[in-house]
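J.: Got a structure for you, written out below as structure tokens; questions coming shortly.
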Amino acid sequence: MIIPHLIGVHPAWLPPEAFLAIGSRRTLVQADESAPARTVRAELADACARHGGALAGPGEAADLVLALTSAGPLPPAAQAVAGPEIGAEGFLLARQDGVTVVLADDPAGLLYGFFEVVRQGEAVFGASRPAEAHRPALSRRMLDHWDNIDMHPVMGQVERGYSGGSIFWRDGVPHEDLSRVRAYARLLAATGINAVGINNVNVHATEARLLTDRLGEVAAIAAEFRPYGIRVHLSVNFASPVALGGLDTADPLDERVREWWARTTERVYAVIPDFGGYVVKADSEGQPGPFAYGRSHADGANVLADALAPHGGVVYWRAFVYNHRQDWRDRSTDRARAAHDHFAPLDGQFRDNAILQVKHGPLDFQTREPVSPVIGAMPNTRLAVELQVTQEYTGQQRHVCYLAPMWSEVLGFRFRGPGGRAVADVSTSGGLVAVSNVGDDPYWTGHPLAQANLYAFGRLAWQPDLDPAEVLDEWIGLTFPAERAADAERLRGTLHELMDGSWRTYERYTAPLGVCFMVRPGHHYGPDVDGYEYTQWGTYHFADRDGIGVDRTRATGTGYTGQYPAPWSEVYESLAECPDELLLFFHHVPYGHVLHSGTTVVQHIYDTHFAGAEEAAAMRARWAELDGTKTVDAALHARVSELLDEQVRSAEEWRDQVNTYFLRKSGVPDAHGRRIH
């Protein structure tokens, strides 16, 4: 096996220097011949060739031992730490008598243990430490690509992709050289990702054929992910029995349809034995689904689940279902209610291998939303929480916006208050899924600093209670190995200043207090306060001369607050108790309403938009101070500088348009006399 080192492509968090500690020592590997175990050996051989270390043979002295509990008699160093339960994908890490040991029950655990040693570097070869158990909190940790084979006339090669074209396809055919896919798999495995969906959930005609006559392309991609323990999944068209199979129906209760899915799925596993399963978007935004036949989403999901079950596969069934042809004049219709209305009554009706994939908020990956009530409403259904790494509504990888603090808040949210289960606990049954932000850009993610979001997603999927600042610190240390300690600390400090609070900075200069969708329709970049206000999409803020916000209360509004259990149903219902940051998501209030912060709604809008634009300018100035240091490659520094220029321009545009809109709408001047146009 050849370890991919791509010319002209940024190594992200796996530069050669990250392997110095492990590659400069003697390492003994005792494992089987599985693909992940072979990968560990190959990674070590590559690191040793670069840094002067060596692979030790059986019985030879070693600084590091990586061993499977099932691979014959354990070396003495591993025997000394054996005993604690490890479990699937987990590993023990210890250091005793000058030897560091990684011990795992299965090859995937050995691979993750190897990357943990890389992550910790010299620290893992220091003082003795007792055996530490490392286990993933969530068994399914998945990235969904919204990649198209053909160039879509509106969405392009990658829907909501801000990093260039697809790493899988180009001009309607697969890339001849898939080494970049393997390099990507390597990056993902180093963070703990173990599953990938490779094509768009909006399955177009060409992409639908990946299930049948283009299945070989899926197999070739799966072969690149397999060495790193990642199983490939495929987005499929619910109407495939009609579109591909020649049937006159896709009714999930029709026996011919059931047989077609069973035969087709059997052929998939004959070609790809470790295939993960299907991803389905149905009855949403024009995609076909079971509603056409008077069937429920449980009926639709179960026919695919039954086809996958004999092979150990799963179906991820997305809960993103709503009426996208609403009448803006009808305030009783509420898009936020839709997923709960559709799916909560179906709790317990899904097969064990059907996973309901629920967006973390009730709308659509907005900068600030409440946690979706569906996540807390279906205890008898396997749920996966869906995040969005690609920054569709958070700057589209043109703005610095480190999303781990947002995700951490979501994962730690407890539906029944202190002592109740957190979102991360609910997700143990189905896992964590996110929309990938990767393309064929030299930096993988367009904005070099957006790599941190991809890294953080994997780390939080493995351990949801990690501190986002510590995760960022890991990424900085791996991605920017410095020649001099002073340079390293300077860069670390700068990146923390730019990134730790960048999500809240972005929120300040964009949509305030839980208002959503003040973006330009279609491409969703830049401000357009009324852009979606009179459309069919159900994304309204209802600003008028007297006030702003959506009344979602039970008393006078859409009743959405009633979808939450206590205490949140009461907290969100109450104007006095509702958190400021979500006030306008739940309530329509006058501009003079006083927030818990002590300021009025309209003054908060002015203040935060001025502050956000100033913070963006300060980020740019702070980054400029790094110019000429040895810690940042000149090309990378220039790319970030260019993007920070755009962020400052955009932040000022947001500030001016939003503040002007609400000055004109409310007639209330800024208390500080700042210029508003």
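Quick note on naming: the chains in the structure tokens go A, B, ... in the order shown, residues restart at 1 in each chain, and ligands are numbered from 1 in order of appearance.
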Find the residues near A:Gln603: any atom within 10 Å, counting only C-alpha atoms, skip ones fewer than 6 places away on the same chain, and give them as a list in words.
T.: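 In the requested format, the answer is Tyr591, Gly592, His593, Val594, His609, Asn659, Phe662, Leu663, Val668, Pro669, Asp670, Ala671 and His672 of chain A.
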J.: Compile the contact shell of A:His145 as an mmCIF file with C-alpha atoms, in the first residue's frame: residues with an atom at most 7 Å away, counting only C-alpha atoms, same-chain residues fewer than 3 positions apart removed.
T.:
```
data_model
loop_
_atom_site.group_PDB
_atom_site.id
_atom_site.type_symbol
_atom_site.label_atom_id
_atom_site.label_comp_id
_atom_site.auth_asym_id
_atom_site.auth_seq_id
_atom_site.Cartn_x
_atom_site.Cartn_y
_atom_site.Cartn_z
ATOM 1 C CA GLY A 197 -22.102 9.136 1.489
ATOM 2 C CA ILE A 198 -20.577 9.958 -1.862
ATOM 3 C CA ASN A 199 -23.365 11.605 -3.882
ATOM 4 C CA ASN A 200 -26.020 14.276 -3.627
ATOM 5 C CA VAL A 435 -22.620 17.640 4.974
ATOM 6 C CA SER A 436 -19.001 17.703 3.831
#
```
J.: What's around stretch 353-366 of chain A at 9 Å? Count only C-alpha atoms, leave out sequence neighbours fewer than 4 positions away in its own chain, and write the answer as an NGL selection string.
T.: :A and (298 or 301-302 or 304-306 or 308-309 or 312-320 or 335-340 or 370-375 or 381-388 or 391-394 or 407 or 410-411 or 429-433 or 514-517 or 539)
J.: Could you pull out the residues in stretch 145-205 of chain A that DSSP calls strand (DSSP E) from the backbone, as a VMD selection string?
T.: chain A and resid 147 to 152 156 to 158 169 to 170 173 to 174 195 to 197
J.: Ranking A:Val158, A:Val65, A:Ala555, A:Val117 by minimum distance to A:Leu103 and counting only C-alpha atoms, which one comes first?
T.: A:Val65
J.: For stretch 575-585 of chain A, list every protein, DNA or RNA residue within 8 Å, evaluated using only C-alpha atoms, and leave out those in the same chain fewer than 4 positions away; present the list as a list in words.
T.: Arg368, Glu369, Pro370, Pro512, Leu513, Gly514, Val515, Cys516, His541, Ile548, Gly549, Val550, Asp551, Arg552, Val571, Val589, Leu595, His596 and Ser597 of chain A
J.: Store the residues picked out above in a file with N, CA and C atoms, as an mmCIF file, in the first residue's frame.
T.:
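Final file, selection.cif:
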```cif
data_model
loop_
_atom_site.group_PDB
_atom_site.id
_atom_site.type_symbol
_atom_site.label_atom_id
_atom_site.label_comp_id
_atom_site.auth_asym_id
_atom_site.auth_seq_id
_atom_site.Cartn_x
_atom_site.Cartn_y
_atom_site.Cartn_z
ATOM 1 N N ARG A 368 -28.345 30.526 13.795
ATOM 2 C CA ARG A 368 -28.875 30.270 15.134
ATOM 3 C C ARG A 368 -30.292 29.735 15.005
ATOM 4 N N GLU A 369 -30.512 28.532 15.492
ATOM 5 C CA GLU A 369 -31.839 27.917 15.574
ATOM 6 C C GLU A 369 -31.939 27.188 16.904
ATOM 7 N N PRO A 370 -33.154 26.967 17.395
ATOM 8 C CA PRO A 370 -33.290 26.040 18.507
ATOM 9 C C PRO A 370 -33.010 24.611 18.021
ATOM 10 N N PRO A 512 -30.080 38.660 13.392
ATOM 11 C CA PRO A 512 -30.076 38.804 14.851
ATOM 12 C C PRO A 512 -31.142 37.984 15.567
ATOM 13 N N LEU A 513 -30.854 37.593 16.800
ATOM 14 C CA LEU A 513 -31.850 37.114 17.768
ATOM 15 C C LEU A 513 -32.681 35.938 17.267
ATOM 16 N N GLY A 514 -32.059 35.069 16.474
ATOM 17 C CA GLY A 514 -32.765 33.884 16.001
ATOM 18 C C GLY A 514 -33.568 34.084 14.739
ATOM 19 N N VAL A 515 -33.473 35.269 14.121
ATOM 20 C CA VAL A 515 -34.091 35.469 12.811
ATOM 21 C C VAL A 515 -33.320 34.643 11.783
ATOM 22 N N CYS A 516 -34.025 34.074 10.840
ATOM 23 C CA CYS A 516 -33.387 33.195 9.858
ATOM 24 C C CYS A 516 -33.589 33.716 8.432
ATOM 25 N N HIS A 541 -39.722 36.446 8.487
ATOM 26 C CA HIS A 541 -39.415 37.137 9.744
ATOM 27 C C HIS A 541 -40.527 38.105 10.148
ATOM 28 N N ILE A 548 -41.023 42.760 14.916
ATOM 29 C CA ILE A 548 -40.388 41.715 14.119
ATOM 30 C C ILE A 548 -40.444 40.396 14.877
ATOM 31 N N GLY A 549 -40.418 39.306 14.139
ATOM 32 C CA GLY A 549 -40.332 37.974 14.726
ATOM 33 C C GLY A 549 -41.511 37.110 14.346
ATOM 34 N N VAL A 550 -41.372 35.826 14.584
ATOM 35 C CA VAL A 550 -42.403 34.854 14.240
ATOM 36 C C VAL A 550 -43.056 34.364 15.526
ATOM 37 N N ASP A 551 -44.351 34.516 15.622
ATOM 38 C CA ASP A 551 -45.077 34.052 16.806
ATOM 39 C C ASP A 551 -45.303 32.543 16.687
ATOM 40 N N ARG A 552 -44.511 31.786 17.427
ATOM 41 C CA ARG A 552 -44.630 30.326 17.400
ATOM 42 C C ARG A 552 -45.157 29.789 18.731
ATOM 43 N N VAL A 571 -40.388 27.577 28.640
ATOM 44 C CA VAL A 571 -39.359 28.610 28.475
ATOM 45 C C VAL A 571 -39.552 29.342 27.153
ATOM 46 N N VAL A 589 -42.262 40.708 18.449
ATOM 47 C CA VAL A 589 -42.202 41.710 19.515
ATOM 48 C C VAL A 589 -42.005 43.103 18.923
ATOM 49 N N LEU A 595 -34.604 43.484 26.018
ATOM 50 C CA LEU A 595 -34.019 42.154 26.156
ATOM 51 C C LEU A 595 -33.474 41.949 27.569
ATOM 52 N N HIS A 596 -33.119 40.701 27.872
ATOM 53 C CA HIS A 596 -32.498 40.425 29.162
ATOM 54 C C HIS A 596 -31.195 41.200 29.317
ATOM 55 N N SER A 597 -30.564 41.516 28.200
ATOM 56 C CA SER A 597 -29.305 42.267 28.237
ATOM 57 C C SER A 597 -29.512 43.716 28.657
#
```
J.: One decimal, in Å: what's the spacing between atom CA of A:Gly286 and atom CA of A:Glu259?
T.: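 Going from atom CA of A:Gly286 over to atom CA of A:Glu259, I get 25.6 Å.
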J.: Using only C-alpha atoms, determine which residues lie at most 12 Å from A:Leu253, disregarding the query and same-chain residues fewer than 3 positions distant; provide the list as a list of chain:residue names.
T.: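 The residues satisfying every condition are A:Thr249, A:Ala250, A:Arg256, A:Val257, A:Arg258, A:Glu259, A:Trp260, A:Trp261, A:Pro290, A:Tyr293, A:Gly294, A:Arg295, A:Ser296, A:His297, A:Ala298, A:Asp299, A:Gly300, A:Ala301, A:Asn302, A:Val303, A:Leu304, A:Asp306.
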J.: Please tabulate, as a Markdown table, the residues of stretch 110-155 of chain A that come within 12 Å of stretch 264-283 of chain A, each with its closest pair of atoms and the distance in Å to one decimal, counting only C-alpha atoms and ordering rows by chain, then residue number upward.
T.:
```
| residue | atom | partner | partner_atom | distance |
| --- | --- | --- | --- | --- |
| A:Arg140 | CA | A:Gly276 | CA | 10.5 |
| A:Arg141 | CA | A:Gly276 | CA | 11.9 |
| A:Met142 | CA | A:Gly276 | CA | 10.5 |
| A:Leu143 | CA | A:Val279 | CA | 11.3 |
| A:Asp144 | CA | A:Val279 | CA | 8.8 |
| A:His145 | CA | A:Val279 | CA | 10.8 |
| A:Trp146 | CA | A:Val279 | CA | 11.3 |
```
J.: Enumerate the residues of stretch 496-654 of chain A with a DSSP assignment of helix (DSSP H, G or I), computed from the backbone, and present them as an MDAnalysis selection string.
T.: chainID A and resid 496:499 502:509 560:563 568:573 580:586 601:624 634:654
J.: Could you write out the selected residues, including C-alpha atoms, as an mmCIF file, in the first residue's frame?
T.:
```cif
data_model
loop_
_atom_site.group_PDB
_atom_site.id
_atom_site.type_symbol
_atom_site.label_atom_id
_atom_site.label_comp_id
_atom_site.auth_asym_id
_atom_site.auth_seq_id
_atom_site.Cartn_x
_atom_site.Cartn_y
_atom_site.Cartn_z
ATOM 1 C CA HIS A 496 -7.476 31.396 18.550
ATOM 2 C CA GLU A 497 -8.188 35.138 18.408
ATOM 3 C CA LEU A 498 -9.580 34.774 14.898
ATOM 4 C CA MET A 499 -11.491 31.557 15.331
ATOM 5 C CA SER A 502 -15.879 33.619 14.969
ATOM 6 C CA TRP A 503 -19.312 31.945 14.911
ATOM 7 C CA ARG A 504 -20.698 34.594 17.244
ATOM 8 C CA THR A 505 -18.964 37.322 15.262
ATOM 9 C CA TYR A 506 -20.662 36.042 12.125
ATOM 10 C CA GLU A 507 -23.986 35.968 13.957
ATOM 11 C CA ARG A 508 -23.524 39.564 15.092
ATOM 12 C CA TYR A 509 -23.185 41.008 11.610
ATOM 13 C CA TYR A 560 -44.547 25.171 17.612
ATOM 14 C CA THR A 561 -43.438 25.677 21.225
ATOM 15 C CA GLY A 562 -45.732 22.794 22.141
ATOM 16 C CA GLN A 563 -43.516 20.355 20.261
ATOM 17 C CA TRP A 568 -38.443 24.125 27.200
ATOM 18 C CA SER A 569 -42.054 24.294 26.050
ATOM 19 C CA GLU A 570 -42.675 26.779 28.867
ATOM 20 C CA VAL A 571 -39.359 28.610 28.475
ATOM 21 C CA TYR A 572 -39.863 29.207 24.758
ATOM 22 C CA GLU A 573 -43.544 30.057 25.228
ATOM 23 C CA ASP A 580 -32.467 36.528 23.876
ATOM 24 C CA GLU A 581 -30.590 34.707 21.120
ATOM 25 C CA LEU A 582 -33.803 32.891 20.108
ATOM 26 C CA LEU A 583 -36.364 35.555 20.930
ATOM 27 C CA LEU A 584 -37.393 36.372 17.358
ATOM 28 C CA PHE A 585 -37.557 32.726 16.391
ATOM 29 C CA PHE A 586 -40.378 32.244 18.911
ATOM 30 C CA VAL A 601 -34.441 44.841 20.145
ATOM 31 C CA VAL A 602 -33.744 47.535 17.572
ATOM 32 C CA GLN A 603 -30.750 48.902 19.489
ATOM 33 C CA HIS A 604 -29.402 45.359 19.799
ATOM 34 C CA ILE A 605 -29.645 45.040 16.019
ATOM 35 C CA TYR A 606 -27.676 48.249 15.533
ATOM 36 C CA ASP A 607 -25.079 47.474 18.196
ATOM 37 C CA THR A 608 -24.347 43.918 17.133
ATOM 38 C CA HIS A 609 -24.048 44.763 13.455
ATOM 39 C CA PHE A 610 -21.594 47.554 14.126
ATOM 40 C CA ALA A 611 -19.677 45.309 16.540
ATOM 41 C CA GLY A 612 -19.595 42.365 14.152
ATOM 42 C CA ALA A 613 -18.180 44.432 11.310
ATOM 43 C CA GLU A 614 -15.543 45.864 13.643
ATOM 44 C CA GLU A 615 -14.603 42.372 14.819
ATOM 45 C CA ALA A 616 -14.197 41.198 11.224
ATOM 46 C CA ALA A 617 -11.852 44.119 10.539
ATOM 47 C CA ALA A 618 -9.880 43.283 13.682
ATOM 48 C CA MET A 619 -9.516 39.691 12.491
ATOM 49 C CA ARG A 620 -8.045 40.895 9.227
ATOM 50 C CA ALA A 621 -5.606 43.218 10.990
ATOM 51 C CA ARG A 622 -4.503 40.488 13.393
ATOM 52 C CA TRP A 623 -3.835 38.055 10.540
ATOM 53 C CA ALA A 624 -1.824 40.694 8.658
ATOM 54 C CA ALA A 634 3.219 32.540 1.891
ATOM 55 C CA ALA A 635 0.557 31.175 -0.454
ATOM 56 C CA LEU A 636 -1.664 30.134 2.438
ATOM 57 C CA HIS A 637 -1.211 33.506 4.103
ATOM 58 C CA ALA A 638 -2.190 35.238 0.859
ATOM 59 C CA ARG A 639 -5.295 33.060 0.416
ATOM 60 C CA VAL A 640 -6.494 33.792 3.949
ATOM 61 C CA SER A 641 -5.729 37.500 3.553
ATOM 62 C CA GLU A 642 -7.755 37.671 0.356
ATOM 63 C CA LEU A 643 -10.681 35.938 2.003
ATOM 64 C CA LEU A 644 -10.514 38.171 5.066
ATOM 65 C CA ASP A 645 -10.761 41.158 2.730
ATOM 66 C CA GLU A 646 -13.986 39.650 1.396
ATOM 67 C CA GLN A 647 -15.233 38.934 4.903
ATOM 68 C CA VAL A 648 -14.718 42.536 5.952
ATOM 69 C CA ARG A 649 -16.472 43.797 2.808
ATOM 70 C CA SER A 650 -19.381 41.422 3.348
ATOM 71 C CA ALA A 651 -19.666 42.234 7.058
ATOM 72 C CA GLU A 652 -19.932 45.927 6.227
ATOM 73 C CA GLU A 653 -22.569 45.160 3.597
ATOM 74 C CA TRP A 654 -24.555 43.159 6.144
#
```
J.: What's around A:Ala56 at 7 Å? Count only C-alpha atoms, leave out sequence neighbours fewer than 5 positions away in its own chain, and write the answer as a ChimeraX atom specification.
T.: /A:26-28,61-62
J.: Emit the selected residues as a compact mmCIF listing (two decimals), in the first residue's frame, including N, CA and C atoms.
T.:
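Listed below is the output, result.txt:
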```txt
# COMPACT_ATOMS: atom_id res chain seq x y z
N ARG A 26 11.36 3.11 17.19
CA ARG A 26 11.18 1.71 16.79
C ARG A 26 9.79 1.27 17.22
N THR A 27 9.04 0.69 16.30
CA THR A 27 7.66 0.31 16.55
C THR A 27 7.43 -1.14 16.18
N LEU A 28 6.76 -1.84 17.05
CA LEU A 28 6.35 -3.22 16.80
C LEU A 28 4.85 -3.25 16.54
N ALA A 61 13.28 -5.17 20.76
CA ALA A 61 12.94 -4.01 21.58
C ALA A 61 12.22 -2.96 20.75
N ALA A 62 11.28 -2.28 21.38
CA ALA A 62 10.51 -1.27 20.67
C ALA A 62 10.12 -0.15 21.62
```
J.: Go through A:Gly547, A:Gly192, A:Pro481, A:Gly522 and flag the residue nearest A:Glu116, using only C-alpha atoms for the distances.
T.: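 That would be A:Gly192, the residue with the smallest distance to A:Glu116.
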J.: Check the smallest atom-to-atom distance from each of A:Pro241, A:Glu533, A:Pro130, A:Ala137 to A:Gln463 using only C-alpha atoms, then report the winner.
T.: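 Checking each of A:Pro241, A:Glu533, A:Pro130, A:Ala137 against A:Gln463, counting only C-alpha atoms, the winner is A:Ala137.
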